[in-house]
Structures are given as C-alpha cells and as structure tokens.
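Next comes data_3.pdb, with PDB, C-alpha atoms.
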MODEL        1
ATOM      1  CA  MET A   1       6.216  54.352  79.862
ATOM      2  CA  LYS A   2       3.503  52.450  77.990
ATOM      3  CA  VAL A   3       4.235  51.961  74.300
ATOM      4  CA  THR A   4       1.428  50.966  71.957
ATOM      5  CA  LEU A   5       1.817  49.884  68.354
ATOM      6  CA  ARG A   6      -0.740  50.613  65.668
ATOM      7  CA  LYS A   7      -0.956  50.596  61.899
ATOM      8  CA  ALA A   8       0.001  53.851  60.221
ATOM      9  CA  ALA A   9      -2.837  55.692  58.501
ATOM     10  CA  LEU A  10      -3.082  58.473  55.962
ATOM     11  CA  LYS A  11      -3.732  60.914  58.826
ATOM     12  CA  ASP A  12      -0.195  60.119  60.095
ATOM     13  CA  ILE A  13       1.534  61.403  56.973
ATOM     14  CA  PRO A  14       2.475  64.838  58.428
ATOM     15  CA  VAL A  15       4.197  63.128  61.383
ATOM     16  CA  LEU A  16       5.785  60.550  59.092
ATOM     17  CA  ARG A  17       7.216  63.341  56.944
ATOM     18  CA  GLN A  18       8.797  64.816  60.095
ATOM     19  CA  PHE A  19      10.204  61.383  60.968
ATOM     20  CA  GLU A  20      11.541  61.069  57.416
ATOM     21  CA  GLN A  21      13.441  64.348  57.760
ATOM     22  CA  GLY A  22      14.866  63.146  61.087
ATOM     23  CA  LEU A  23      15.978  59.911  59.442
ATOM     24  CA  ILE A  24      17.597  61.790  56.565
ATOM     25  CA  ARG A  25      19.350  64.108  59.043
ATOM     26  CA  ASP A  26      20.631  61.060  60.971
ATOM     27  CA  GLU A  27      21.864  59.289  57.819
ATOM     28  CA  ARG A  28      23.450  62.278  56.082
ATOM     29  CA  PRO A  29      26.797  61.931  57.961
ATOM     30  CA  PHE A  30      27.109  58.371  56.605
ATOM     31  CA  ASP A  31      26.239  59.140  52.986
ATOM     32  CA  PRO A  32      27.819  62.021  51.075
ATOM     33  CA  THR A  33      25.628  61.236  48.054
ATOM     34  CA  ILE A  34      22.336  62.336  49.651
ATOM     35  CA  ARG A  35      21.227  65.445  47.796
ATOM     36  CA  PRO A  36      20.866  68.743  49.659
ATOM     37  CA  ASP A  37      17.457  69.522  51.123
ATOM     38  CA  PRO A  38      14.713  69.320  50.211
ATOM     39  CA  VAL A  39      14.909  65.559  49.751
ATOM     40  CA  HIS A  40      12.467  62.717  50.462
ATOM     41  CA  TYR A  41      13.076  58.982  50.660
ATOM     42  CA  TYR A  42       9.520  57.643  50.657
ATOM     43  CA  ASP A  43       6.180  57.829  48.888
ATOM     44  CA  MET A  44       4.242  57.875  52.160
ATOM     45  CA  GLU A  45       0.773  57.515  50.659
ATOM     46  CA  ALA A  46       1.828  54.461  48.664
ATOM     47  CA  LEU A  47       3.481  52.792  51.662
ATOM     48  CA  VAL A  48       0.597  53.429  54.041
ATOM     49  CA  THR A  49      -2.010  52.085  51.588
ATOM     50  CA  ASP A  50      -0.018  49.218  50.027
ATOM     51  CA  PRO A  51      -1.675  45.865  50.854
ATOM     52  CA  ASN A  52       1.776  44.179  50.781
ATOM     53  CA  THR A  53       3.209  46.554  53.378
ATOM     54  CA  HIS A  54       2.681  46.536  57.133
ATOM     55  CA  PHE A  55       3.481  50.055  58.372
ATOM     56  CA  LEU A  56       3.554  50.589  62.131
ATOM     57  CA  MET A  57       3.671  53.562  64.467
ATOM     58  CA  ALA A  58       4.784  53.336  68.080
ATOM     59  CA  CYS A  59       2.922  55.727  70.376
ATOM     60  CA  ILE A  60       3.264  56.878  73.957
ATOM     61  CA  ASP A  61       0.172  58.630  75.318
ATOM     62  CA  GLN A  62      -1.180  58.962  71.764
ATOM     63  CA  ARG A  63       2.054  60.686  70.616
ATOM     64  CA  ALA A  64       3.801  58.963  67.693
ATOM     65  CA  VAL A  65       7.436  58.386  68.695
ATOM     66  CA  ALA A  66       8.677  55.768  66.219
ATOM     67  CA  SER A  67       7.892  54.043  62.948
ATOM     68  CA  GLY A  68       8.845  51.128  60.767
ATOM     69  CA  TYR A  69       7.432  49.038  57.977
ATOM     70  CA  ALA A  70       7.828  45.634  56.407
ATOM     71  CA  THR A  71       7.022  45.069  52.765
ATOM     72  CA  ARG A  72       6.969  42.012  50.559
ATOM     73  CA  LYS A  73       9.746  42.029  47.952
ATOM     74  CA  THR A  74      10.916  39.728  45.195
ATOM     75  CA  PRO A  75      14.585  38.732  45.480
ATOM     76  CA  ARG A  76      17.122  38.171  42.737
ATOM     77  CA  HIS A  77      16.275  35.098  40.713
ATOM     78  CA  TYR A  78      19.237  33.040  41.930
ATOM     79  CA  LEU A  79      18.470  33.203  45.660
ATOM     80  CA  ASP A  80      16.894  30.329  47.563
ATOM     81  CA  HIS A  81      13.680  32.187  48.484
ATOM     82  CA  SER A  82      10.903  33.478  46.229
ATOM     83  CA  ALA A  83       9.958  36.454  48.423
ATOM     84  CA  TYR A  84      11.228  38.240  51.502
ATOM     85  CA  ALA A  85      10.235  40.977  53.921
ATOM     86  CA  TYR A  86      12.172  44.187  53.653
ATOM     87  CA  PHE A  87      12.136  46.335  56.793
ATOM     88  CA  GLY A  88      12.423  50.074  56.291
ATOM     89  CA  PHE A  89      11.776  53.529  57.729
ATOM     90  CA  MET A  90      12.978  52.378  61.141
ATOM     91  CA  TYR A  91      12.994  55.676  63.025
ATOM     92  CA  THR A  92      12.655  56.629  66.677
ATOM     93  CA  LEU A  93      12.590  60.186  67.969
ATOM     94  CA  PRO A  94      15.971  60.870  69.619
ATOM     95  CA  GLU A  95      14.526  61.386  73.109
ATOM     96  CA  TYR A  96      12.935  57.906  73.005
ATOM     97  CA  ARG A  97      15.942  55.931  71.795
ATOM     98  CA  GLY A  98      17.383  53.261  74.074
ATOM     99  CA  TYR A  99      14.024  52.112  75.461
ATOM    100  CA  GLY A 100      13.575  49.113  73.171
ATOM    101  CA  ILE A 101      10.846  50.717  71.044
ATOM    102  CA  ASN A 102      12.560  49.818  67.773
ATOM    103  CA  GLY A 103      12.863  46.236  69.017
ATOM    104  CA  ARG A 104       9.116  46.119  69.675
ATOM    105  CA  ILE A 105       8.389  47.398  66.173
ATOM    106  CA  ILE A 106      10.758  44.839  64.638
ATOM    107  CA  ALA A 107       9.164  42.022  66.660
ATOM    108  CA  ALA A 108       5.707  43.012  65.384
ATOM    109  CA  LEU A 109       6.970  43.334  61.797
ATOM    110  CA  LYS A 110       8.636  39.945  62.101
ATOM    111  CA  GLN A 111       5.324  38.412  63.222
ATOM    112  CA  TRP A 112       3.577  40.013  60.241
ATOM    113  CA  ALA A 113       6.273  38.715  57.880
ATOM    114  CA  LEU A 114       6.032  35.183  59.249
ATOM    115  CA  GLY A 115       2.246  35.354  58.926
ATOM    116  CA  GLN A 116       2.765  36.215  55.253
ATOM    117  CA  GLY A 117       5.010  33.167  54.829
ATOM    118  CA  LEU A 118       8.119  35.358  54.606
ATOM    119  CA  GLN A 119      10.902  33.729  56.571
ATOM    120  CA  GLU A 120      13.696  35.788  55.018
ATOM    121  CA  MET A 121      13.852  39.329  56.426
ATOM    122  CA  ARG A 122      16.275  42.065  55.412
ATOM    123  CA  LEU A 123      17.038  45.701  56.018
ATOM    124  CA  THR A 124      19.776  48.114  55.072
ATOM    125  CA  VAL A 125      21.976  50.116  57.402
ATOM    126  CA  TYR A 126      25.088  52.216  56.887
ATOM    127  CA  PRO A 127      28.213  50.344  58.085
ATOM    128  CA  GLY A 128      29.345  53.337  60.175
ATOM    129  CA  ASN A 129      26.026  53.660  61.990
ATOM    130  CA  GLN A 130      27.077  51.738  65.082
ATOM    131  CA  PRO A 131      23.970  52.467  67.210
ATOM    132  CA  ALA A 132      21.695  51.135  64.451
ATOM    133  CA  LEU A 133      23.929  48.111  63.837
ATOM    134  CA  ARG A 134      23.856  47.234  67.541
ATOM    135  CA  ALA A 135      20.069  47.661  67.680
ATOM    136  CA  TYR A 136      19.507  45.371  64.690
ATOM    137  CA  GLU A 137      22.002  42.763  65.896
ATOM    138  CA  LYS A 138      20.268  42.793  69.284
ATOM    139  CA  VAL A 139      17.032  41.600  67.629
ATOM    140  CA  GLY A 140      18.720  38.903  65.540
ATOM    141  CA  PHE A 141      19.882  40.542  62.307
ATOM    142  CA  SER A 142      23.435  39.906  61.169
ATOM    143  CA  PRO A 143      25.609  41.604  58.555
ATOM    144  CA  HIS A 144      25.180  40.007  55.165
ATOM    145  CA  LEU A 145      26.484  42.105  52.295
ATOM    146  CA  MET A 146      28.255  45.415  52.095
ATOM    147  CA  GLU A 147      27.676  47.681  49.128
ATOM    148  CA  MET A 148      30.791  49.566  48.068
ATOM    149  CA  ARG A 149      31.039  52.657  45.933
ATOM    150  CA  LEU A 150      33.541  54.602  43.887
ATOM    151  CA  ARG A 151      33.031  58.037  42.410
ATOM    152  CA  GLU A 152      35.484  59.429  39.924
ATOM    153  CA  GLU A 153      35.632  63.190  39.952
ATOM    154  CA  GLU A 154      35.013  64.767  36.571
ATOM    155  CA  GLY A 155      38.273  65.120  34.650
ATOM    156  CA  ASN A 156      40.149  62.922  37.143
ATOM    157  CA  SER A 157      39.444  59.354  36.076
ATOM    158  CA  GLU A 158      43.034  58.240  35.541
ATOM    159  CA  ASP A 159      44.618  56.215  38.348
ATOM    160  CA  THR A 160      48.015  57.812  38.984
ATOM    161  CA  THR A 161      48.917  55.623  41.943
ATOM    162  CA  ARG A 162      50.082  52.694  39.813
ATOM    163  CA  PRO A 163      52.257  52.546  36.751
ATOM    164  CA  SER A 164      50.340  52.035  33.525
ATOM    165  CA  ILE A 165      50.552  48.694  31.765
ATOM    166  CA  GLU A 166      50.925  48.879  28.018
TER     167      GLU A 166
ENDMDL
END
Starting from the file, lay out its structure as structure tokens.
Amino acid sequence: MKVTLRKAALKDIPVLRQFEQGLIRDERPFDPTIRPDPVHYYDMEALVTDPNTHFLMACIDQRAVASGYATRKTPRHYLDHSAYAYFGFMYTLPEYRGYGINGRIIAALKQWALGQGLQEMRLTVYPGNQPALRAYEKVGFSPHLMEMRLREEEGNSEDTTRPSIE
C-alpha cells in the first residue's frame, strides 16, 4: 500500500467535511458536551488557505484516507516559547487505521513546524481515547495537561455531600 502525502486544497473540502463528521462521531463518546448534529469543528476554507497552516492529506491510489494540519499559535505569555505548532484534525478513515498513516502525517507536520522555527508542538486528545493516546505517544508526544470540567445542573448547584460551614 503506497501512501502519498500532499497539501490539502479547496477542492478537498467535500472530503474534509466527511472526515470532520467521522472525527466528530469518533469523539462524541468522550465528550457529552458536543452539540447534537449538525455540528462542525472547523472553518475548512480558512484552514486550507491560511499561510500559517500546513494542511496535509494522505492518499492511497488518489483516494484521500487521512488528514492533519499544523498551525502556528501564540502561547500564554508566561511560557518559555513565543510560538508553537498546534496539530489538529488528525483523522484516518477507520479501514486504514493501524498502518502508520497518522504517524507519517505527524512526521511531515513536525518537519514543517521545525522549518518554521517551531520546536514546541502540541495537540489535544480526550483522556479516554486510548487508541489516539497510544498513536501520539508512539510518535513522541507525552501527556502534559489535563483539562477538567464540572457542570452544575440547573437548580441543583448546592453540594449536599458535605456539611455546610457557617
């Protein structure tokens, strides 16, 4: 199976929208806050045409089977780097997972990032998404920060598990 990588183009947007829906479907079990369909994560046109974003497609026999991008971002002011590469929209069609295609995309995005002078690279992944965690760890990423959440149901904001302190 010969995998080729190429830059995403505006003509790829219909396929990218299908990939986006696959990604949302895959992530929905990990995130109860994703709105019901129809929902979109990305402004495809902006990503594909952004000069600070390197958006790749992986193809087999001209068929797009995976995607991913790296974009230049500005970190919080107190961090030790002035810019970093954020990797996103890492998606592979289910029937092509396990062949190292995502790893090839990440390697190419990493080369782009380094060429831009971006030595810090980040991505986000749901903690329960073990296949994705393993894939990212396999190419050198390591857990860094976990975002936690709390949602109080309307009319139920009082904590009844502990005695009140007055």
Find the residues of stretch 30-65 of chain A that sit at most 8 Å from stretch 70-92 of chain A; for each, write down the nearest two atoms and how far apart they are in Å, to one decimal. Count only C-alpha atoms. Sort by chain, then by number going up, and give it as a tab-separated table.
residue	atom	partner	partner_atom	distance
A:Asn52	CA	A:Arg72	CA	5.6
A:Thr53	CA	A:Thr71	CA	4.1
A:His54	CA	A:Ala70	CA	5.3
A:Phe55	CA	A:Ala70	CA	6.5
A:Val65	CA	A:Thr92	CA	5.9
Report as number ranges by chain the residues that result from applying the PyMOL selection byres ((chain A and resi 16) around 12) to the structure here. A: 8-15, 17-23, 40-45, 47-48, 55-58, 64-69, 89-93
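Closest approach to A:Trp112 from the set A:Arg151, A:Lys7, A:Arg25, A:Arg134 is made by A:Lys7, with distances taken over all atoms listed in the file.
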Counting only C-alpha atoms, closest pick from A:Asp31, A:Asp26, A:Asp61, A:Glu137 relative to A:Thr4 is A:Asp61
Here is a test: counting only C-alpha atoms, which residue of A:Ile34, A:Leu123, A:Cys59, A:Leu109 is nearest to A:Lys2?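 Closest to A:Lys2 of all the choices is A:Cys59.
Of the residues listed (A:Met148, A:Leu5, A:Val39, A:Leu133), A:Leu5 shows the shortest atom-to-atom separation from A:Arg104; distances use all atoms listed in the file.
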Grab the atom CA of A:Met146 to atom CA of A:Pro32 distance for me, in Å with one decimal place. 16.6 Å
Any idea what the distance is between atom CA of A:Met121 and atom CA of A:Ala107? 11.6 Å
Between atom CA of A:Tyr126 and atom CA of A:Thr49, measure the distance and give it in Å to one decimal.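 For atom CA of A:Tyr126 relative to atom CA of A:Thr49, the distance reads 27.6 Å.
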Counting all atoms listed in the file, closest pick from A:Lys110, A:Arg63, A:Arg122, A:Arg28 relative to A:Ser142 is A:Arg122
Explicit residues for the PyMOL selection byres ((chain A and resi 147) around 12) (as a CSV table (one decimal) with C-alpha atoms, in the coordinates of the input):
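Just written: expr_28.csv:
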chain,number,residue,atom,x,y,z
A,124,THR,CA,19.8,48.1,55.1
A,125,VAL,CA,22.0,50.1,57.4
A,126,TYR,CA,25.1,52.2,56.9
A,127,PRO,CA,28.2,50.3,58.1
A,143,PRO,CA,25.6,41.6,58.6
A,144,HIS,CA,25.2,40.0,55.2
A,145,LEU,CA,26.5,42.1,52.3
A,146,MET,CA,28.3,45.4,52.1
A,148,MET,CA,30.8,49.6,48.1
A,149,ARG,CA,31.0,52.7,45.9
A,150,LEU,CA,33.5,54.6,43.9
Considering all atoms listed in the file, state which residue in the set A:Asp50, A:Glu153, A:Arg6, A:Pro36 is at the smallest distance from A:Ile105. A:Arg6
